[in-house]
$ cat work-v4.txt   # compact mmCIF, C-alpha atoms
# COMPACT_ATOMS: atom_id res chain seq x y z
CA MET A 1 89.01 -45.87 120.19
CA THR A 2 90.59 -44.52 117.02
CA PRO A 3 90.37 -46.67 113.88
CA HIS A 4 93.79 -47.41 112.39
CA ALA A 5 92.41 -48.36 108.96
CA GLU A 6 89.10 -48.43 107.19
CA PRO A 7 86.78 -50.82 109.04
CA ASP A 8 85.83 -53.98 107.17
CA PRO A 9 83.34 -55.93 109.32
CA GLN A 10 82.59 -58.35 106.49
CA ALA A 11 86.23 -59.43 106.27
CA GLY A 12 86.34 -59.73 110.05
CA ALA A 13 83.28 -61.96 110.03
CA ALA A 14 84.92 -64.24 107.47
CA VAL A 15 88.09 -64.51 109.57
CA LYS A 16 86.01 -65.28 112.66
CA ALA A 17 83.94 -67.90 110.83
CA ALA A 18 87.03 -69.72 109.56
CA ASP A 19 88.57 -69.60 113.02
CA ARG A 20 85.49 -71.05 114.67
CA ALA A 21 85.22 -73.76 112.02
CA HIS A 22 88.81 -74.99 112.05
CA VAL A 23 91.09 -73.54 114.76
CA PHE A 24 91.42 -75.41 118.05
CA HIS A 25 92.52 -72.89 120.68
CA SER A 26 94.81 -73.55 123.64
CA TRP A 27 93.63 -73.47 127.28
CA SER A 28 90.00 -73.06 126.19
CA ALA A 29 86.62 -74.72 126.16
CA GLN A 30 86.15 -74.39 122.42
CA GLY A 31 82.43 -73.70 122.49
CA LEU A 32 82.69 -70.94 125.10
CA ILE A 33 85.22 -68.61 123.49
CA ASP A 34 84.82 -65.70 121.10
CA PRO A 35 88.28 -64.74 119.78
CA LEU A 36 88.74 -61.20 118.56
CA ALA A 37 89.52 -61.06 114.82
CA VAL A 38 92.67 -58.96 114.50
CA ALA A 39 93.23 -56.97 111.33
CA GLY A 40 96.73 -55.70 112.03
CA ALA A 41 99.29 -54.45 114.53
CA GLU A 42 102.12 -51.94 114.72
CA GLY A 43 104.32 -50.83 117.59
CA SER A 44 102.37 -51.08 120.84
CA TYR A 45 98.93 -51.24 119.21
CA PHE A 46 96.70 -53.67 117.35
CA TRP A 47 93.28 -53.20 115.80
CA ASP A 48 90.24 -55.19 114.76
CA TYR A 49 88.07 -55.20 111.64
CA GLU A 50 85.52 -52.92 113.28
CA GLY A 51 88.10 -50.14 113.45
CA ASN A 52 88.78 -50.41 117.17
CA ARG A 53 92.40 -49.87 118.18
CA TYR A 54 93.89 -51.27 121.41
CA LEU A 55 97.03 -50.40 123.33
CA ASP A 56 98.52 -53.82 124.05
CA PHE A 57 99.52 -54.05 127.71
CA THR A 58 100.18 -57.80 127.26
CA SER A 59 102.95 -57.69 124.62
CA GLY A 60 101.18 -60.62 122.95
CA LEU A 61 102.00 -63.16 125.65
CA VAL A 62 104.76 -61.00 127.11
CA TYR A 63 107.02 -61.48 124.10
CA THR A 64 106.74 -58.55 121.69
CA ASN A 65 109.50 -56.76 123.59
CA ILE A 66 110.18 -54.39 120.68
CA GLY A 67 106.54 -54.14 119.62
CA TYR A 68 104.78 -55.33 116.49
CA GLN A 69 106.18 -55.08 112.97
CA HIS A 70 109.51 -53.46 113.73
CA PRO A 71 110.77 -52.72 110.20
CA ARG A 72 114.36 -53.86 110.82
CA VAL A 73 113.26 -57.27 112.08
CA VAL A 74 110.69 -57.73 109.32
CA GLU A 75 113.33 -56.82 106.76
CA ALA A 76 115.85 -59.24 108.29
CA VAL A 77 113.38 -62.13 108.09
CA GLN A 78 112.52 -61.24 104.50
CA GLU A 79 116.19 -61.03 103.53
CA GLN A 80 116.99 -64.35 105.19
CA ALA A 81 114.05 -66.03 103.46
CA GLY A 82 115.41 -64.90 100.12
CA ARG A 83 118.95 -66.04 100.92
CA LEU A 84 118.51 -69.30 102.87
CA ALA A 85 115.01 -69.95 104.19
CA THR A 86 115.79 -73.13 106.10
CA PHE A 87 118.52 -75.64 106.80
CA ALA A 88 119.02 -78.66 109.07
CA PRO A 89 120.42 -78.03 112.56
CA ALA A 90 123.51 -80.27 112.22
CA PHE A 91 125.25 -77.74 109.95
CA ALA A 92 127.07 -74.50 110.76
CA ILE A 93 124.96 -71.67 109.40
CA ASP A 94 126.13 -68.05 109.62
CA VAL A 95 122.96 -66.56 111.05
CA ARG A 96 122.60 -69.37 113.61
CA SER A 97 126.19 -68.87 114.75
CA GLU A 98 125.69 -65.12 114.99
CA ALA A 99 122.49 -65.48 117.02
CA ALA A 100 124.25 -67.82 119.45
CA ARG A 101 127.19 -65.44 119.76
CA LEU A 102 125.01 -62.42 120.47
CA ILE A 103 122.99 -64.32 123.08
CA ALA A 104 126.10 -65.75 124.77
CA GLU A 105 127.63 -62.26 124.98
CA ARG A 106 124.66 -61.14 127.08
CA THR A 107 124.06 -64.12 129.35
CA PRO A 108 125.62 -63.96 132.83
CA GLY A 109 128.80 -65.81 133.77
CA ASP A 110 130.10 -68.62 131.56
CA LEU A 111 126.81 -69.54 129.90
CA ASP A 112 128.49 -69.51 126.51
CA LYS A 113 127.00 -72.51 124.69
CA ILE A 114 123.49 -72.16 123.24
CA PHE A 115 121.13 -75.03 122.47
CA PHE A 116 118.28 -73.73 120.32
CA THR A 117 114.66 -74.85 120.64
CA ASN A 118 111.37 -73.74 119.14
CA GLY A 119 110.12 -72.08 122.32
CA GLY A 120 110.25 -71.81 126.08
CA ALA A 121 108.64 -75.09 127.07
CA GLU A 122 111.10 -77.08 124.94
CA ALA A 123 113.92 -75.07 126.46
CA VAL A 124 112.81 -76.14 129.94
CA GLU A 125 112.41 -79.76 128.79
CA ASN A 126 115.97 -79.84 127.51
CA ALA A 127 117.43 -78.01 130.51
CA VAL A 128 115.95 -80.64 132.81
CA ARG A 129 117.24 -83.43 130.56
CA MET A 130 120.72 -81.91 130.65
CA ALA A 131 120.60 -81.60 134.44
CA ARG A 132 119.50 -85.21 134.90
CA LEU A 133 122.19 -86.54 132.58
CA HIS A 134 124.86 -84.33 134.13
CA THR A 135 124.08 -85.39 137.70
CA GLY A 136 122.76 -88.92 137.18
CA ARG A 137 119.82 -87.98 139.42
CA ALA A 138 116.10 -87.92 138.67
CA LYS A 139 114.21 -85.47 140.90
CA VAL A 140 113.59 -81.83 139.99
CA LEU A 141 112.31 -79.18 142.40
CA SER A 142 110.16 -76.23 141.34
CA ALA A 143 107.94 -73.64 143.00
CA TYR A 144 104.17 -73.79 143.38
CA ARG A 145 103.66 -70.27 142.04
CA SER A 146 105.25 -70.83 138.64
CA TYR A 147 104.67 -71.53 134.98
CA HIS A 148 107.28 -73.35 132.87
CA GLY A 149 105.36 -74.46 129.76
CA ALA A 150 102.88 -77.03 128.53
CA THR A 151 105.07 -79.88 127.27
CA SER A 152 105.31 -83.04 129.36
CA THR A 153 108.06 -82.18 131.84
CA ALA A 154 107.43 -78.43 131.76
CA ILE A 155 103.76 -78.77 132.69
CA ASN A 156 104.65 -81.04 135.61
CA LEU A 157 107.19 -78.48 136.77
CA THR A 158 104.55 -75.77 136.55
CA GLY A 159 102.96 -74.85 139.85
CA ASP A 160 99.77 -73.13 138.79
CA PRO A 161 96.43 -74.91 138.17
CA ARG A 162 97.14 -75.51 134.48
CA ARG A 163 99.27 -78.39 135.71
CA TRP A 164 96.46 -80.28 137.39
CA ALA A 165 94.87 -81.99 134.38
CA SER A 166 98.23 -83.27 133.11
CA ASP A 167 100.02 -83.98 136.41
CA THR A 168 101.07 -87.63 136.29
CA ALA A 169 102.53 -87.61 139.83
CA SER A 170 105.32 -89.72 138.33
CA ALA A 171 107.45 -87.12 136.58
CA GLY A 172 110.04 -86.82 139.36
CA VAL A 173 108.90 -83.30 140.27
CA VAL A 174 108.67 -82.00 143.84
CA HIS A 175 107.09 -78.60 144.47
CA PHE A 176 108.05 -76.19 147.23
CA TRP A 177 107.06 -72.70 148.38
CA ALA A 178 109.16 -69.85 147.03
CA PRO A 179 109.11 -66.48 148.81
CA PHE A 180 106.17 -64.13 148.32
CA PRO A 181 106.14 -61.49 151.09
CA TYR A 182 102.69 -60.11 150.26
CA ARG A 183 101.06 -63.54 150.66
CA SER A 184 103.75 -65.19 152.73
CA PRO A 185 103.45 -68.95 153.20
CA PHE A 186 105.89 -68.53 156.10
CA TYR A 187 103.98 -65.88 158.11
CA SER A 188 106.88 -63.49 157.68
CA SER A 189 106.64 -59.83 158.52
CA THR A 190 109.78 -58.61 156.71
CA GLU A 191 111.61 -59.42 153.48
CA ALA A 192 114.60 -60.65 155.46
CA GLU A 193 112.39 -63.06 157.42
CA GLU A 194 110.72 -64.25 154.22
CA CYS A 195 114.08 -64.89 152.57
CA ALA A 196 115.52 -66.80 155.53
CA ARG A 197 112.41 -68.92 156.07
CA ALA A 198 112.01 -69.68 152.36
CA LEU A 199 115.61 -70.84 152.12
CA GLN A 200 115.22 -72.98 155.23
CA HIS A 201 112.04 -74.51 153.79
CA LEU A 202 113.86 -75.32 150.54
CA GLU A 203 116.78 -76.87 152.40
CA ASP A 204 114.38 -78.91 154.56
CA THR A 205 112.60 -80.13 151.43
CA ILE A 206 115.91 -81.26 149.94
CA ALA A 207 116.88 -82.98 153.18
CA PHE A 208 113.65 -84.98 153.31
CA GLU A 209 113.71 -85.82 149.59
CA GLY A 210 117.36 -86.88 149.79
CA PRO A 211 120.02 -84.50 148.44
CA GLY A 212 121.56 -87.27 146.35
CA THR A 213 118.29 -87.74 144.46
CA VAL A 214 117.83 -84.11 143.31
CA ALA A 215 119.12 -83.20 139.85
CA ALA A 216 117.95 -79.62 139.60
CA ILE A 217 116.09 -76.71 141.11
CA VAL A 218 114.14 -74.81 138.45
CA LEU A 219 112.98 -71.27 139.24
CA GLU A 220 111.67 -68.38 137.22
CA THR A 221 114.08 -65.58 138.14
CA ILE A 222 110.98 -63.43 138.55
CA PRO A 223 107.80 -65.48 138.19
CA GLY A 224 105.74 -64.15 135.30
CA THR A 225 102.21 -65.41 134.80
CA ALA A 226 102.08 -66.49 138.46
CA GLY A 227 102.28 -62.90 139.64
CA ILE A 228 105.58 -61.06 138.97
CA MET A 229 106.85 -61.60 142.52
CA THR A 230 110.34 -60.10 142.69
CA PRO A 231 112.40 -62.30 145.04
CA PRO A 232 113.63 -60.71 148.28
CA PRO A 233 117.30 -59.74 148.45
CA GLY A 234 119.54 -62.72 149.06
CA TYR A 235 117.09 -65.42 148.04
CA LEU A 236 118.51 -66.39 144.66
CA THR A 237 122.09 -66.25 145.91
CA GLY A 238 120.95 -68.45 148.79
CA VAL A 239 119.49 -70.96 146.34
CA ARG A 240 122.77 -70.85 144.41
CA GLU A 241 124.66 -71.70 147.62
CA ILE A 242 122.31 -74.60 148.41
CA CYS A 243 122.76 -76.00 144.90
CA ASP A 244 126.54 -75.76 145.20
CA ARG A 245 126.47 -77.50 148.58
CA TYR A 246 124.54 -80.51 147.30
CA GLY A 247 125.77 -80.72 143.70
CA ILE A 248 122.36 -79.69 142.35
CA VAL A 249 122.02 -77.95 138.96
CA PHE A 250 120.50 -74.47 139.29
CA VAL A 251 118.20 -73.64 136.36
CA LEU A 252 116.80 -70.14 135.92
CA ASP A 253 113.79 -69.82 133.62
CA GLU A 254 114.05 -66.42 131.89
CA VAL A 255 111.60 -67.20 129.11
CA MET A 256 109.43 -64.27 130.16
CA ALA A 257 111.81 -62.13 132.23
CA GLY A 258 114.73 -62.14 129.77
CA PHE A 259 115.81 -59.82 126.98
CA GLY A 260 115.14 -56.44 128.50
CA ARG A 261 111.80 -57.11 130.16
CA THR A 262 113.06 -56.13 133.65
CA GLY A 263 115.38 -53.36 132.51
CA ARG A 264 118.38 -55.70 132.22
CA TRP A 265 119.25 -58.17 129.49
CA PHE A 266 118.45 -60.92 131.98
CA ALA A 267 116.69 -60.58 135.33
CA ALA A 268 119.48 -62.58 137.01
CA GLU A 269 121.64 -59.46 136.71
CA HIS A 270 119.47 -57.71 139.32
CA TYR A 271 120.41 -60.37 141.86
CA ASP A 272 124.07 -60.98 140.99
CA VAL A 273 123.49 -64.70 140.46
CA VAL A 274 124.70 -67.05 137.73
CA PRO A 275 122.76 -70.29 137.14
CA ASP A 276 124.14 -73.46 135.58
CA LEU A 277 121.48 -73.38 132.87
CA LEU A 278 119.31 -70.49 131.71
CA THR A 279 116.24 -70.92 129.51
CA PHE A 280 115.03 -68.21 127.15
CA ALA A 281 112.49 -67.61 124.36
CA LYS A 282 109.85 -64.90 123.76
CA GLY A 283 111.81 -61.62 123.80
CA VAL A 284 114.90 -63.12 122.14
CA ASN A 285 113.33 -62.15 118.81
CA SER A 286 110.13 -60.47 119.98
CA GLY A 287 108.21 -63.56 118.94
CA TYR A 288 108.45 -62.78 115.22
CA VAL A 289 109.45 -66.39 114.45
CA PRO A 290 109.30 -69.12 117.15
CA LEU A 291 112.64 -69.49 118.96
CA GLY A 292 113.86 -70.52 122.39
CA GLY A 293 116.91 -72.08 123.89
CA VAL A 294 119.13 -73.08 126.78
CA ALA A 295 122.29 -71.20 127.68
CA ILE A 296 124.71 -73.78 129.11
CA SER A 297 127.59 -73.43 131.56
CA ALA A 298 131.06 -74.70 130.69
CA GLU A 299 130.83 -77.51 133.25
CA ILE A 300 127.58 -78.91 131.93
CA ALA A 301 128.61 -78.43 128.29
CA ALA A 302 131.75 -80.47 129.03
CA THR A 303 129.55 -83.42 130.05
CA PHE A 304 128.67 -83.79 126.40
CA ASP A 305 132.11 -83.25 124.87
CA LYS A 306 132.63 -86.97 124.28
CA ARG A 307 129.16 -88.19 125.19
CA PRO A 308 126.37 -87.46 122.69
CA TYR A 309 123.57 -85.27 123.95
CA PRO A 310 120.40 -87.36 123.40
CA GLY A 311 118.10 -84.60 122.24
CA GLY A 312 117.35 -82.43 119.24
CA LEU A 313 114.71 -80.67 117.20
CA THR A 314 114.14 -80.54 113.46
CA TYR A 315 113.90 -76.76 113.53
CA SER A 316 116.58 -76.07 116.16
CA GLY A 317 118.17 -72.74 115.30
CA HIS A 318 115.90 -72.20 112.29
CA PRO A 319 117.51 -69.58 110.02
CA LEU A 320 114.42 -67.36 109.89
CA ALA A 321 114.08 -67.40 113.67
CA CYS A 322 117.78 -66.74 114.16
CA ALA A 323 117.69 -63.86 111.66
CA ALA A 324 114.86 -62.36 113.71
CA ALA A 325 116.93 -62.83 116.88
CA VAL A 326 120.02 -61.17 115.41
CA ALA A 327 117.97 -58.21 114.19
CA THR A 328 116.04 -57.93 117.47
CA ILE A 329 119.17 -57.92 119.62
CA ARG A 330 120.80 -55.31 117.38
CA VAL A 331 117.65 -53.17 117.50
CA MET A 332 117.61 -53.42 121.30
CA GLU A 333 121.26 -52.41 121.41
CA ASP A 334 121.02 -49.56 118.89
CA GLU A 335 117.76 -48.15 120.24
CA LYS A 336 118.73 -48.69 123.90
CA VAL A 337 115.55 -50.66 124.54
CA VAL A 338 116.89 -52.29 127.72
CA GLU A 339 117.84 -48.93 129.18
CA HIS A 340 114.46 -47.52 128.15
CA ALA A 341 112.62 -50.34 129.94
CA ALA A 342 114.59 -49.61 133.11
CA HIS A 343 113.87 -45.88 132.83
CA LEU A 344 110.20 -46.56 132.13
CA GLY A 345 109.84 -48.70 135.24
CA GLU A 346 111.63 -46.23 137.48
CA THR A 347 110.05 -42.99 136.29
CA VAL A 348 106.69 -43.70 134.62
CA LEU A 349 105.23 -47.18 134.96
CA GLY A 350 106.23 -47.92 138.56
CA PRO A 351 105.29 -44.49 139.97
CA GLY A 352 102.12 -44.40 137.87
CA LEU A 353 100.92 -47.77 139.12
CA ARG A 354 101.70 -46.82 142.72
CA ALA A 355 99.66 -43.65 142.26
CA LEU A 356 96.74 -45.79 141.08
CA ALA A 357 97.10 -47.90 144.23
CA GLU A 358 96.72 -44.79 146.36
CA ARG A 359 93.43 -43.94 144.63
CA HIS A 360 91.87 -47.38 144.33
CA PRO A 361 91.02 -49.63 147.30
CA SER A 362 90.97 -52.65 144.97
CA VAL A 363 94.76 -52.47 144.56
CA GLY A 364 96.42 -54.44 147.32
CA GLU A 365 100.00 -54.40 146.07
CA VAL A 366 102.06 -53.08 143.16
CA ARG A 367 105.25 -54.97 142.29
CA GLY A 368 107.65 -55.24 139.39
CA LEU A 369 110.66 -53.93 137.49
CA GLY A 370 111.23 -52.38 134.08
CA ALA A 371 108.27 -53.20 131.83
CA PHE A 372 107.20 -56.11 134.06
CA TRP A 373 104.56 -55.19 136.68
CA ALA A 374 101.57 -56.67 138.48
CA LEU A 375 98.66 -55.23 140.41
CA ASP A 376 97.35 -57.63 143.06
CA LEU A 377 93.63 -56.83 143.26
CA VAL A 378 91.79 -57.42 146.54
CA ARG A 379 88.34 -57.23 148.10
CA ASP A 380 89.81 -56.03 151.36
CA ARG A 381 93.19 -54.35 151.79
CA GLU A 382 93.34 -55.22 155.49
CA THR A 383 92.82 -58.97 155.07
CA ARG A 384 94.35 -59.05 151.55
CA GLU A 385 91.46 -61.24 150.40
CA PRO A 386 91.84 -61.57 146.61
CA LEU A 387 89.24 -59.86 144.46
CA VAL A 388 88.30 -63.30 143.11
CA PRO A 389 89.08 -66.74 144.58
CA TYR A 390 92.10 -68.76 143.49
CA ASN A 391 91.50 -70.26 140.04
CA ALA A 392 88.01 -68.74 139.90
CA SER A 393 85.80 -69.27 136.87
CA GLY A 394 82.24 -68.40 135.83
CA ASP A 395 80.33 -66.16 138.21
CA ALA A 396 83.10 -66.32 140.79
CA ALA A 397 85.42 -64.56 138.33
CA ALA A 398 82.88 -61.86 137.43
CA PRO A 399 84.68 -58.94 139.14
CA MET A 400 87.85 -59.51 137.11
CA ALA A 401 85.80 -60.02 133.96
CA ALA A 402 84.09 -56.68 134.55
CA PHE A 403 87.46 -55.02 135.11
CA GLY A 404 88.79 -56.53 131.87
CA ALA A 405 85.76 -55.38 129.89
CA ALA A 406 86.25 -51.84 131.24
CA CYS A 407 89.89 -51.87 130.10
CA LYS A 408 88.91 -52.89 126.58
CA LYS A 409 86.14 -50.30 126.47
CA ASN A 410 88.83 -47.69 127.12
CA GLY A 411 91.13 -49.00 124.40
CA LEU A 412 93.48 -51.06 126.58
CA TRP A 413 94.04 -54.80 126.12
CA PRO A 414 94.86 -56.13 129.61
CA PHE A 415 96.78 -59.14 130.86
CA ILE A 416 94.57 -60.75 133.52
CA ASN A 417 95.33 -63.85 135.56
CA MET A 418 93.20 -64.81 138.56
CA ASN A 419 93.00 -61.72 140.82
CA ARG A 420 95.82 -59.84 139.09
CA THR A 421 96.30 -57.56 136.16
CA HIS A 422 99.81 -57.30 134.76
CA ALA A 423 101.21 -54.19 133.12
CA VAL A 424 103.61 -55.71 130.59
CA PRO A 425 103.74 -53.44 127.53
CA ALA A 426 106.44 -53.56 124.88
CA CYS A 427 109.81 -52.63 126.36
CA ASN A 428 110.03 -49.75 123.87
CA VAL A 429 106.54 -48.37 124.59
CA THR A 430 106.70 -44.58 124.73
CA GLU A 431 106.09 -42.55 127.86
CA ALA A 432 102.97 -41.05 126.24
CA GLU A 433 101.62 -44.51 125.41
CA THR A 434 102.37 -45.69 128.93
CA LYS A 435 100.44 -42.78 130.41
CA GLU A 436 97.57 -43.60 128.05
CA GLY A 437 97.55 -47.13 129.44
CA LEU A 438 97.68 -45.88 133.02
CA ALA A 439 94.67 -43.64 132.36
CA ALA A 440 92.71 -46.60 131.00
CA LEU A 441 93.68 -48.68 134.04
CA ASP A 442 92.60 -45.83 136.30
CA ALA A 443 89.10 -45.88 134.79
CA ALA A 444 88.84 -49.67 134.85
CA LEU A 445 89.96 -49.94 138.47
CA SER A 446 86.91 -47.91 139.45
CA VAL A 447 84.90 -50.94 138.31
CA ALA A 448 87.07 -53.25 140.44
CA ASP A 449 86.57 -50.88 143.39
CA GLU A 450 82.84 -51.63 143.28
CA HIS A 451 83.61 -55.15 144.50
CA THR A 452 85.64 -54.13 147.56
CA VAL A 453 84.35 -54.12 151.12

$ encode --input "work-v4.txt" --output "structure tokens"
Amino acid sequence: MTPHAEPDPQAGAAVKAADRAHVFHSWSAQGLIDPLAVAGAEGSYFWDYEGNRYLDFTSGLVYTNIGYQHPRVVEAVQEQAGRLATFAPAFAIDVRSEAARLIAERTPGDLDKIFFTNGGAEAVENAVRMARLHTGRAKVLSAYRSYHGATSTAINLTGDPRRWASDTASAGVVHFWAPFPYRSPFYSSTEAEECARALQHLEDTIAFEGPGTVAAIVLETIPGTAGIMTPPPGYLTGVREICDRYGIVFVLDEVMAGFGRTGRWFAAEHYDVVPDLLTFAKGVNSGYVPLGGVAISAEIAATFDKRPYPGGLTYSGHPLACAAAVATIRVMEDEKVVEHAAHLGETVLGPGLRALAERHPSVGEVRGLGAFWALDLVRDRETREPLVPYNASGDAAAPMAAFGAACKKNGLWPFINMNRTHAVPACNVTEAETKEGLAALDAALSVADEHTV
């Protein structure tokens, strides 16, 4: 790995010591982690105090859609700080209004009102609150293979194992199986079968729960952390039809998939579907300052024309965050970042990952769009047995740990979840950088191959 700056191990040790003494990390057993001390980042790379540089195939947590330290966004935040660093959300502020306008211009359909939050989980919380108040119903349906955030309602909506420790079983959430052709819960043999059976399963679930009790169905347009499973054709429009039939609010979670990640401004555009509420965060300003929100349809917004909306946040539409959003959206427009992500997926990342699958028996499936891809790693391609068990830890997760270590040794920082590695670089990553990442994955997959049968 090539050092980006002069190594300074002593400074790195001081950063690490302070972290270990005072920082309480999320999703971690505090005594078992060893966080890397990061000295800096730029574009698609970051580096440590030892002089090691890494190509970031995680985009932070899939949010640095325009990479690290883009000068136009940094400058916009600095300028805003000098002009008006903060102001309460009840006032009309130019940069807040402009951020809302730019977002509303890009959302599908009539999602023209924007409620700002500090991040994705709060966006989901407020979307569910809006749906419940709009319908007067309590239940919310979400998929098992999903992640919606770690706040109270969002974690109960989440389908993956991070929910378990916080699941109260009293949050009004009902989970169902969404389509996933590679590991079909419906024993389907084609995408059309998977779509039809998944929709029937959802409609059966609603029937047995009572249609008049269901406020909303919440789906990630393309599930992110749970595996980047692109829905089969017709599924999301089928869900839209079911929601219309029963008066259920359709919420699409685009916290991860939005703002260019799939090669469109929003992933919903791939499926010609318009939800009633759309949640966003992450890529809206490349994560430079925390920001999220809910894009609201005219019908639901009208519910609160004369009736106060009982929700708010001290930092809703924070000027610094909104300045970062305005600059990020303009950068994406001017530099054609969305188009680049689409081109990257079609001509470099997608074909490159499929070529790796042909060479490595550990790759069971490649799936994705734009700069949003997953490799499903397996022990056996015939049986599709995952390389490690579901929610594996310790020794059971050793094959994926070895794969991850091999990636890092080759200068690639990977996104690993269970038996998958996700290729989710910045949406403006260059073709040369992408090929560099593919080469590192190629070497690391040889380690995963050692655990196949």

$ residues_around --input "work-v4.txt" --residues "stretch 344-355 of chain A" --least-positions-apart "6" --cutoff "12 Å" --atoms "all atoms listed in the file" --output "ChimeraX atom specification"
/A:57,260-264,337-338,361,363-376,421-442,445

$ residues_around --input "work-v4.txt" --residues "A:Gly172" --least-positions-apart "4" --cutoff "10 Å" --atoms "only C-alpha atoms" --output "mmCIF file with C-alpha atoms, in the frame of the given file"
data_model
loop_
_atom_site.group_PDB
_atom_site.id
_atom_site.type_symbol
_atom_site.label_atom_id
_atom_site.label_comp_id
_atom_site.auth_asym_id
_atom_site.auth_seq_id
_atom_site.Cartn_x
_atom_site.Cartn_y
_atom_site.Cartn_z
ATOM 1 C CA ARG A 137 119.820 -87.980 139.420
ATOM 2 C CA ALA A 138 116.100 -87.920 138.670
ATOM 3 C CA LYS A 139 114.210 -85.470 140.900
ATOM 4 C CA VAL A 140 113.590 -81.830 139.990
ATOM 5 C CA LEU A 141 112.310 -79.180 142.400
ATOM 6 C CA THR A 153 108.060 -82.180 131.840
ATOM 7 C CA ASN A 156 104.650 -81.040 135.610
ATOM 8 C CA LEU A 157 107.190 -78.480 136.770
ATOM 9 C CA THR A 168 101.070 -87.630 136.290
ATOM 10 C CA THR A 213 118.290 -87.740 144.460
ATOM 11 C CA VAL A 214 117.830 -84.110 143.310
ATOM 12 C CA ALA A 215 119.120 -83.200 139.850
#

$ residues_around --input "work-v4.txt" --residues "A:Ser26" --least-positions-apart "3" --cutoff "12 Å" --atoms "all atoms listed in the file" --output "list in words"
Val23, Ala29, Gln30, Ile33, Pro35, Ala150 and Arg162 of chain A

$ closest_atom_pairs --input "work-v4.txt" --of "stretch 236-287 of chain A" --to "stretch 208-212 of chain A" --cutoff "10 Å" --atoms "all atoms listed in the file" --output "JSON lines"
{"residue": "A:Cys243", "atom": "CA", "partner": "A:Pro211", "partner_atom": "CA", "distance": 9.6}
{"residue": "A:Arg245", "atom": "CA", "partner": "A:Pro211", "partner_atom": "CA", "distance": 9.5}
{"residue": "A:Tyr246", "atom": "CA", "partner": "A:Pro211", "partner_atom": "CA", "distance": 6.1}
{"residue": "A:Gly247", "atom": "CA", "partner": "A:Gly212", "partner_atom": "CA", "distance": 8.2}
{"residue": "A:Ile248", "atom": "CA", "partner": "A:Pro211", "partner_atom": "CA", "distance": 8.1}

$ write_last_selection --input "work-v4.txt" --atoms "C-alpha atoms" --output "JSON list (two decimals), in the coordinates of the input"
[["chain", "number", "residue", "atom", "x", "y", "z"],
["A", 243, "CYS", "CA", 122.76, -76.00, 144.90],
["A", 245, "ARG", "CA", 126.47, -77.50, 148.58],
["A", 246, "TYR", "CA", 124.54, -80.51, 147.30],
["A", 247, "GLY", "CA", 125.77, -80.72, 143.70],
["A", 248, "ILE", "CA", 122.36, -79.69, 142.35]]

$ residues_around --input "work-v4.txt" --residues "stretch 288-296 of chain A" --least-positions-apart "6" --cutoff "8 Å" --atoms "only C-alpha atoms" --output "VMD selection string"
chain A and resid 64 73 104 107 110 to 120 122 to 124 126 to 127 255 276 to 282 317 to 318 320 to 322 324

$ residues_around --input "work-v4.txt" --residues "A:Asp449" --least-positions-apart "6" --cutoff "10 Å" --atoms "only C-alpha atoms" --output "list in words"
Arg359, His360, Pro361, Ser362, Val363, Leu377, Val378, Arg379, Leu387, Pro399 and Phe403 of chain A

$ atom_distance --input "work-v4.txt" --atom1 "atom CA of A:Arg106" --atom2 "atom CA of A:Ile222"
18.0 Å

$ atom_distance --input "work-v4.txt" --atom1 "atom CA of A:Phe186" --atom2 "atom CA of A:Phe415"
28.4 Å

$ closest_residue --input "work-v4.txt" --among "A:Met256, A:Ala268, A:Val249, A:Ala121" --to "A:Tyr235" --atoms "all atoms listed in the file"
A:Ala268
